[in-house]
Amino acid sequence: MDALDKQLVNIIQSGFPVTERPFQALGQQLGIGEDEVIDRLKAIRQSGEIRRLGASFDSRKLGYTSTLCAVRVPAEKLEAAVGVINSYPNVTHNYERNNHYNVWFTLIAPGEERIAQIIREIGEKAGIAPILNLPATRLFKIKVDLPVK
């Protein structure tokens, strides 16, 4: 990333413009065109330096329920199981841990009934069980900006 890319990444972490043409607004802030902003963000994303560009919403206020799930997946089933997990748009992210329960993922849906249904489907399709459903009992929201220098 060059200096302009770093400046762009620092801005979008907590100052992404909510406007009809956000990339144009970002370009105006940086003194470049809208197309260049888009091209730079695509390149940064393709390089893997950023994984996701999107909004974060308070799912509860939108009528959704979320949960953390954990499952033990044998090494020989890991790739296929993660493929099944990732096939659900309700899965916001997942990660592998060095633990008895080695695959963890978060799930969001319109209600607990749908969450239970998705967990059952994932278990059946991937041949993994039990999948622990660990809903939050307290909400912790931590805003983190990672300054790029």
# chains A, B, ... in the order shown; residues from 1 in each chain; ligands from 1
$ select_by_dssp --residues "chain A" --states "helix (DSSP H, G or I)" --output "JSON, numbers by chain"
{"A": [3, 4, 5, 6, 7, 8, 9, 10, 11, 12, 13, 14, 15, 22, 23, 24, 25, 26, 27, 28, 29, 30, 34, 35, 36, 37, 38, 39, 40, 41, 42, 43, 44, 45, 46, 47, 59, 60, 61, 62, 75, 76, 77, 78, 79, 80, 81, 82, 83, 84, 85, 86, 112, 113, 114, 115, 116, 117, 118, 119, 120, 121, 122, 123, 124, 125, 126]}
$ residues_around --residues "A:Ala25" --least-positions-apart "2" --cutoff "12 Å" --atoms "only C-alpha atoms" --output "list in words"
Leu8, Ile11, Ile12, Gly15, Phe16, Pro17, Val18, Thr19, Glu20, Arg21, Pro22, Phe23, Gly27, Gln28, Gln29, Leu30, Gly31, Ile32, Gly33, Glu34, Asp35, Glu36, Val37 and Ile38 of chain A
$ closest_residue --among "A:Arg72, A:Thr92, A:Gln24, A:Ala81" --to "A:Ser56" --atoms "only C-alpha atoms"
A:Thr92
$ select_by_dssp --residues "chain A" --states "strand (DSSP E)" --output "PyMOL selection string"
chain A and resi 65-71+91-96+103-109+131-134
$ write_last_selection --atoms "C-alpha atoms" --output "CSV table (one decimal), in the first residue's frame"
chain,number,residue,atom,x,y,z
A,65,THR,CA,-30.8,-12.7,16.7
A,66,SER,CA,-27.2,-13.8,16.6
A,67,THR,CA,-25.2,-16.5,18.2
A,68,LEU,CA,-21.7,-18.0,18.4
A,69,CYS,CA,-21.4,-21.6,17.4
A,70,ALA,CA,-18.6,-24.1,18.1
A,71,VAL,CA,-18.1,-27.6,16.6
A,91,VAL,CA,-22.7,-16.9,8.8
A,92,THR,CA,-20.9,-13.6,9.3
A,93,HIS,CA,-17.5,-15.1,9.9
A,94,ASN,CA,-15.7,-18.3,11.1
A,95,TYR,CA,-12.3,-19.2,12.3
A,96,GLU,CA,-10.4,-22.3,13.3
A,103,VAL,CA,-14.3,-24.5,14.3
A,104,TRP,CA,-16.2,-21.4,15.6
A,105,PHE,CA,-18.6,-19.3,13.6
A,106,THR,CA,-21.2,-16.6,14.2
A,107,LEU,CA,-24.7,-16.8,12.8
A,108,ILE,CA,-27.4,-14.2,12.4
A,109,ALA,CA,-31.1,-14.9,11.5
A,131,ILE,CA,-22.8,-27.9,17.1
A,132,LEU,CA,-22.9,-25.8,20.2
A,133,ASN,CA,-25.2,-22.8,20.1
A,134,LEU,CA,-23.8,-20.2,22.4
$ closest_residue --among "A:Arg138, A:Arg45, A:Lys6, A:Lys125" --to "A:Ile85" --atoms "only C-alpha atoms"
A:Lys125
$ closest_residue --among "A:Ile119, A:Pro110, A:Ser14, A:Glu124" --to "A:Leu62" --atoms "only C-alpha atoms"
A:Pro110
$ residues_around --residues "A:Lys149" --least-positions-apart "6" --cutoff "9 Å" --atoms "only C-alpha atoms" --output "list in words"
Ala3, Lys6, Gln7 and Asn10 of chain A
$ residues_around --residues "A:Val73" --least-positions-apart "3" --cutoff "9 Å" --atoms "only C-alpha atoms" --output "ChimeraX atom specification"
/A:76-78,81,100-103,128-129
$ write_last_selection --atoms "N, CA, C and O atoms" --output "mmCIF file, in the first residue's frame"
data_model
loop_
_atom_site.group_PDB
_atom_site.id
_atom_site.type_symbol
_atom_site.label_atom_id
_atom_site.label_comp_id
_atom_site.auth_asym_id
_atom_site.auth_seq_id
_atom_site.Cartn_x
_atom_site.Cartn_y
_atom_site.Cartn_z
ATOM 1 N N GLU A 76 -9.917 -34.415 8.497
ATOM 2 C CA GLU A 76 -10.274 -34.884 7.149
ATOM 3 C C GLU A 76 -11.588 -34.300 6.641
ATOM 4 O O GLU A 76 -11.884 -34.348 5.448
ATOM 5 N N LYS A 77 -12.413 -33.741 7.519
ATOM 6 C CA LYS A 77 -13.686 -33.128 7.122
ATOM 7 C C LYS A 77 -13.638 -31.606 7.145
ATOM 8 O O LYS A 77 -14.617 -30.957 6.794
ATOM 9 N N LEU A 78 -12.514 -31.042 7.567
ATOM 10 C CA LEU A 78 -12.437 -29.607 7.823
ATOM 11 C C LEU A 78 -12.800 -28.775 6.604
ATOM 12 O O LEU A 78 -13.666 -27.908 6.674
ATOM 13 N N ALA A 81 -16.503 -29.181 5.667
ATOM 14 C CA ALA A 81 -17.391 -28.608 6.683
ATOM 15 C C ALA A 81 -17.398 -27.088 6.621
ATOM 16 O O ALA A 81 -18.460 -26.461 6.669
ATOM 17 N N HIS A 100 -10.517 -28.424 21.401
ATOM 18 C CA HIS A 100 -11.390 -29.565 21.102
ATOM 19 C C HIS A 100 -12.476 -29.130 20.109
ATOM 20 O O HIS A 100 -12.735 -29.819 19.130
ATOM 21 N N TYR A 101 -13.096 -27.989 20.390
ATOM 22 C CA TYR A 101 -14.030 -27.379 19.441
ATOM 23 C C TYR A 101 -13.178 -26.480 18.545
ATOM 24 O O TYR A 101 -12.815 -25.377 18.920
ATOM 25 N N ASN A 102 -12.856 -26.983 17.375
ATOM 26 C CA ASN A 102 -11.843 -26.317 16.540
ATOM 27 C C ASN A 102 -12.404 -25.380 15.476
ATOM 28 O O ASN A 102 -11.646 -24.631 14.872
ATOM 29 N N VAL A 103 -13.704 -25.383 15.245
ATOM 30 C CA VAL A 103 -14.302 -24.453 14.282
ATOM 31 C C VAL A 103 -15.388 -23.661 15.009
ATOM 32 O O VAL A 103 -16.285 -24.239 15.619
ATOM 33 N N ILE A 128 -21.387 -33.262 10.826
ATOM 34 C CA ILE A 128 -20.706 -32.883 12.068
ATOM 35 C C ILE A 128 -21.736 -32.628 13.155
ATOM 36 O O ILE A 128 -22.796 -32.077 12.904
ATOM 37 N N ALA A 129 -21.431 -33.068 14.363
ATOM 38 C CA ALA A 129 -22.333 -32.843 15.490
ATOM 39 C C ALA A 129 -21.569 -33.169 16.765
ATOM 40 O O ALA A 129 -20.620 -33.939 16.728
#
$ atom_distance --atom1 "atom CA of A:Arg97" --atom2 "atom CA of A:Val82"
12.9 Å
$ atom_distance --atom1 "atom CA of A:Gly127" --atom2 "atom CA of A:Asn98"
20.4 Å
$ decode --residues "stretch 13-122 of chain A" --atoms "C-alpha atoms" --output "PDB file, in the first residue's frame"
ATOM      1  CA  GLN A  13     -12.642   2.500   9.073  1.00  0.00           C
ATOM      2  CA  SER A  14     -14.931   4.935  10.855  1.00  0.00           C
ATOM      3  CA  GLY A  15     -15.637   7.776   8.447  1.00  0.00           C
ATOM      4  CA  PHE A  16     -17.175   6.063   5.437  1.00  0.00           C
ATOM      5  CA  PRO A  17     -19.512   8.648   3.893  1.00  0.00           C
ATOM      6  CA  VAL A  18     -23.192   7.759   3.898  1.00  0.00           C
ATOM      7  CA  THR A  19     -24.184   9.412   0.663  1.00  0.00           C
ATOM      8  CA  GLU A  20     -25.453   8.513  -2.784  1.00  0.00           C
ATOM      9  CA  ARG A  21     -21.865   8.464  -4.161  1.00  0.00           C
ATOM     10  CA  PRO A  22     -19.599   7.515  -1.236  1.00  0.00           C
ATOM     11  CA  PHE A  23     -16.583   6.717  -3.401  1.00  0.00           C
ATOM     12  CA  GLN A  24     -16.850  10.093  -5.061  1.00  0.00           C
ATOM     13  CA  ALA A  25     -16.970  11.754  -1.621  1.00  0.00           C
ATOM     14  CA  LEU A  26     -13.902   9.778  -0.543  1.00  0.00           C
ATOM     15  CA  GLY A  27     -12.141  10.855  -3.724  1.00  0.00           C
ATOM     16  CA  GLN A  28     -12.905  14.487  -2.978  1.00  0.00           C
ATOM     17  CA  GLN A  29     -11.386  14.087   0.493  1.00  0.00           C
ATOM     18  CA  LEU A  30      -8.259  12.557  -1.006  1.00  0.00           C
ATOM     19  CA  GLY A  31      -7.988  14.675  -4.141  1.00  0.00           C
ATOM     20  CA  ILE A  32      -8.535  11.777  -6.550  1.00  0.00           C
ATOM     21  CA  GLY A  33     -11.392  10.556  -8.727  1.00  0.00           C
ATOM     22  CA  GLU A  34     -14.182   8.186  -7.798  1.00  0.00           C
ATOM     23  CA  ASP A  35     -12.895   5.477 -10.176  1.00  0.00           C
ATOM     24  CA  GLU A  36      -9.444   5.610  -8.610  1.00  0.00           C
ATOM     25  CA  VAL A  37     -10.935   5.172  -5.130  1.00  0.00           C
ATOM     26  CA  ILE A  38     -12.832   2.103  -6.332  1.00  0.00           C
ATOM     27  CA  ASP A  39      -9.756   0.692  -8.093  1.00  0.00           C
ATOM     28  CA  ARG A  40      -7.578   1.228  -5.037  1.00  0.00           C
ATOM     29  CA  LEU A  41     -10.085  -0.466  -2.721  1.00  0.00           C
ATOM     30  CA  LYS A  42     -10.426  -3.408  -5.112  1.00  0.00           C
ATOM     31  CA  ALA A  43      -6.640  -3.813  -5.226  1.00  0.00           C
ATOM     32  CA  ILE A  44      -6.313  -3.602  -1.440  1.00  0.00           C
ATOM     33  CA  ARG A  45      -9.053  -6.181  -1.020  1.00  0.00           C
ATOM     34  CA  GLN A  46      -7.589  -8.512  -3.659  1.00  0.00           C
ATOM     35  CA  SER A  47      -4.201  -8.301  -1.924  1.00  0.00           C
ATOM     36  CA  GLY A  48      -5.843  -9.541   1.282  1.00  0.00           C
ATOM     37  CA  GLU A  49      -4.870  -6.463   3.271  1.00  0.00           C
ATOM     38  CA  ILE A  50      -8.559  -5.845   3.940  1.00  0.00           C
ATOM     39  CA  ARG A  51     -11.092  -8.672   3.961  1.00  0.00           C
ATOM     40  CA  ARG A  52     -14.369  -6.856   3.993  1.00  0.00           C
ATOM     41  CA  LEU A  53     -15.839  -3.491   3.218  1.00  0.00           C
ATOM     42  CA  GLY A  54     -19.312  -3.102   4.630  1.00  0.00           C
ATOM     43  CA  ALA A  55     -21.493  -1.642   7.302  1.00  0.00           C
ATOM     44  CA  SER A  56     -22.001  -2.971  10.802  1.00  0.00           C
ATOM     45  CA  PHE A  57     -25.529  -2.852  12.138  1.00  0.00           C
ATOM     46  CA  ASP A  58     -27.064  -3.514  15.531  1.00  0.00           C
ATOM     47  CA  SER A  59     -28.823  -6.707  14.501  1.00  0.00           C
ATOM     48  CA  ARG A  60     -31.059  -6.741  17.581  1.00  0.00           C
ATOM     49  CA  LYS A  61     -32.529  -3.359  16.670  1.00  0.00           C
ATOM     50  CA  LEU A  62     -33.297  -4.752  13.219  1.00  0.00           C
ATOM     51  CA  GLY A  63     -35.164  -7.726  14.721  1.00  0.00           C
ATOM     52  CA  TYR A  64     -32.408 -10.303  14.279  1.00  0.00           C
ATOM     53  CA  THR A  65     -30.808 -12.747  16.666  1.00  0.00           C
ATOM     54  CA  SER A  66     -27.192 -13.792  16.580  1.00  0.00           C
ATOM     55  CA  THR A  67     -25.205 -16.546  18.198  1.00  0.00           C
ATOM     56  CA  LEU A  68     -21.735 -17.979  18.417  1.00  0.00           C
ATOM     57  CA  CYS A  69     -21.399 -21.614  17.380  1.00  0.00           C
ATOM     58  CA  ALA A  70     -18.636 -24.103  18.061  1.00  0.00           C
ATOM     59  CA  VAL A  71     -18.096 -27.574  16.644  1.00  0.00           C
ATOM     60  CA  ARG A  72     -15.440 -30.256  16.609  1.00  0.00           C
ATOM     61  CA  VAL A  73     -14.516 -31.077  13.027  1.00  0.00           C
ATOM     62  CA  PRO A  74     -12.089 -33.918  12.234  1.00  0.00           C
ATOM     63  CA  ALA A  75      -9.148 -32.774  10.097  1.00  0.00           C
ATOM     64  CA  GLU A  76     -10.274 -34.884   7.149  1.00  0.00           C
ATOM     65  CA  LYS A  77     -13.686 -33.128   7.122  1.00  0.00           C
ATOM     66  CA  LEU A  78     -12.437 -29.607   7.823  1.00  0.00           C
ATOM     67  CA  GLU A  79     -12.415 -28.184   4.292  1.00  0.00           C
ATOM     68  CA  ALA A  80     -15.801 -29.662   3.378  1.00  0.00           C
ATOM     69  CA  ALA A  81     -17.391 -28.608   6.683  1.00  0.00           C
ATOM     70  CA  VAL A  82     -16.136 -25.039   6.373  1.00  0.00           C
ATOM     71  CA  GLY A  83     -17.495 -25.006   2.808  1.00  0.00           C
ATOM     72  CA  VAL A  84     -20.941 -25.935   4.117  1.00  0.00           C
ATOM     73  CA  ILE A  85     -20.730 -23.365   6.915  1.00  0.00           C
ATOM     74  CA  ASN A  86     -19.649 -20.634   4.493  1.00  0.00           C
ATOM     75  CA  SER A  87     -22.472 -21.480   2.073  1.00  0.00           C
ATOM     76  CA  TYR A  88     -24.943 -19.809   4.446  1.00  0.00           C
ATOM     77  CA  PRO A  89     -25.208 -16.031   4.047  1.00  0.00           C
ATOM     78  CA  ASN A  90     -26.298 -15.999   7.698  1.00  0.00           C
ATOM     79  CA  VAL A  91     -22.733 -16.857   8.751  1.00  0.00           C
ATOM     80  CA  THR A  92     -20.901 -13.588   9.313  1.00  0.00           C
ATOM     81  CA  HIS A  93     -17.477 -15.123   9.886  1.00  0.00           C
ATOM     82  CA  ASN A  94     -15.747 -18.251  11.101  1.00  0.00           C
ATOM     83  CA  TYR A  95     -12.346 -19.244  12.345  1.00  0.00           C
ATOM     84  CA  GLU A  96     -10.351 -22.280  13.298  1.00  0.00           C
ATOM     85  CA  ARG A  97      -9.101 -22.623  16.874  1.00  0.00           C
ATOM     86  CA  ASN A  98      -6.607 -24.932  18.479  1.00  0.00           C
ATOM     87  CA  ASN A  99      -9.169 -26.495  20.791  1.00  0.00           C
ATOM     88  CA  HIS A 100     -11.390 -29.565  21.102  1.00  0.00           C
ATOM     89  CA  TYR A 101     -14.030 -27.379  19.441  1.00  0.00           C
ATOM     90  CA  ASN A 102     -11.843 -26.317  16.540  1.00  0.00           C
ATOM     91  CA  VAL A 103     -14.302 -24.453  14.282  1.00  0.00           C
ATOM     92  CA  TRP A 104     -16.193 -21.433  15.567  1.00  0.00           C
ATOM     93  CA  PHE A 105     -18.627 -19.274  13.612  1.00  0.00           C
ATOM     94  CA  THR A 106     -21.177 -16.555  14.171  1.00  0.00           C
ATOM     95  CA  LEU A 107     -24.663 -16.839  12.805  1.00  0.00           C
ATOM     96  CA  ILE A 108     -27.415 -14.246  12.414  1.00  0.00           C
ATOM     97  CA  ALA A 109     -31.066 -14.865  11.534  1.00  0.00           C
ATOM     98  CA  PRO A 110     -34.563 -13.418  12.051  1.00  0.00           C
ATOM     99  CA  GLY A 111     -35.099 -15.552  15.150  1.00  0.00           C
ATOM    100  CA  GLU A 112     -33.954 -18.426  17.332  1.00  0.00           C
ATOM    101  CA  GLU A 113     -36.070 -20.923  15.394  1.00  0.00           C
ATOM    102  CA  ARG A 114     -34.249 -20.098  12.133  1.00  0.00           C
ATOM    103  CA  ILE A 115     -30.873 -20.254  13.904  1.00  0.00           C
ATOM    104  CA  ALA A 116     -31.722 -23.731  15.216  1.00  0.00           C
ATOM    105  CA  GLN A 117     -32.809 -24.792  11.713  1.00  0.00           C
ATOM    106  CA  ILE A 118     -29.556 -23.567  10.130  1.00  0.00           C
ATOM    107  CA  ILE A 119     -27.471 -25.296  12.801  1.00  0.00           C
ATOM    108  CA  ARG A 120     -29.339 -28.569  12.127  1.00  0.00           C
ATOM    109  CA  GLU A 121     -28.853 -28.176   8.362  1.00  0.00           C
ATOM    110  CA  ILE A 122     -25.132 -27.462   8.696  1.00  0.00           C
TER     111      ILE A 122
END
